[in-house]
Amino acid sequence: MSLRSRLPIAVAACALAVTALATPAVAGDEWGSDSPSASGNHQNQGQSQSQGQGQHPRLYRGVVTASSLALRSAPNRGGQIIRWAERGEVVSIFCRTNGQNIQGNRQWYLLTDGTWAWGSARYIRTTGTTPRWC
């Protein structure tokens with residue numbers, strides 16, 4: 001095979017590898033949980049999950065404070081808009097990271113409400129414990 005025919009295959013394989021590394025793992029997450037553990041630790045390890053605990057130590061909650069908030073594909077204003085969240089909407093937060101500074105706040109939250117999207121922490125008030133770092 002010539003280099004010209006192998007190059008597109010190599011580029012596609014590289015893109016697939018980068019996507020796999022950049023995508024958060026969701027194996028074992030309990031998406032049906034309505035009351036995640038705010039403490040972020042495993043206080044109920046001795047009890048079976050099938051007993052209806054309904055708590056997940058890695059999910060946090062927040063409330064949107066902006067009239068309309070763009071949720072993006074990256075923690076910056078240049079990221080593609082995935083969807084819009086309205087004021088008062090309760091969102092599930094997976095973790096936080098530093099990103100583009102929005103009015104003095106560099107933190108962004110990775111939200112898990114059906115799609116993985118980033119929202120500026122400037123416009124999301126957390127309820128309970130501050131989310132863990134990504």
# chains A, B, ... in the order shown; residues from 1 in each chain; ligands from 1
$ residues_around --residues "A:Ile124" --least-positions-apart "6" --cutoff "8 Å" --atoms "only C-alpha atoms" --output "MDAnalysis selection string"
chainID A and resid 62:66
$ write_last_selection --atoms "N, CA, C and O atoms" --output "CSV table (one decimal), in the first residue's frame"
chain,number,residue,atom,x,y,z
A,62,GLY,N,-27.7,21.2,40.7
A,62,GLY,CA,-27.5,22.6,40.6
A,62,GLY,C,-28.8,23.2,40.0
A,62,GLY,O,-29.6,22.5,39.4
A,63,VAL,N,-29.0,24.5,40.1
A,63,VAL,CA,-30.1,25.2,39.6
A,63,VAL,C,-29.6,26.3,38.7
A,63,VAL,O,-28.7,27.1,39.1
A,64,VAL,N,-30.2,26.4,37.5
A,64,VAL,CA,-29.8,27.4,36.5
A,64,VAL,C,-30.3,28.8,37.0
A,64,VAL,O,-31.4,28.9,37.3
A,65,THR,N,-29.4,29.8,37.0
A,65,THR,CA,-29.7,31.1,37.5
A,65,THR,C,-29.9,32.1,36.4
A,65,THR,O,-30.5,33.2,36.5
A,66,ALA,N,-29.4,31.8,35.2
A,66,ALA,CA,-29.5,32.7,34.0
A,66,ALA,C,-30.9,32.5,33.4
A,66,ALA,O,-31.5,31.5,33.6
$ closest_residue --among "A:Ser68, A:Asn76, A:Gln100, A:Phe94" --to "A:Asp113" --atoms "only C-alpha atoms"
A:Phe94
$ residues_around --residues "A:Trp116" --least-positions-apart "4" --cutoff "10 Å" --atoms "only C-alpha atoms" --output "JSON, numbers by chain"
{"A": [23, 24, 71, 72, 73, 74, 82, 93, 94, 110, 111, 112]}
$ closest_residue --among "A:Gln80, A:Thr115, A:Ser120, A:Thr127" --to "A:Arg96" --atoms "only C-alpha atoms"
A:Ser120
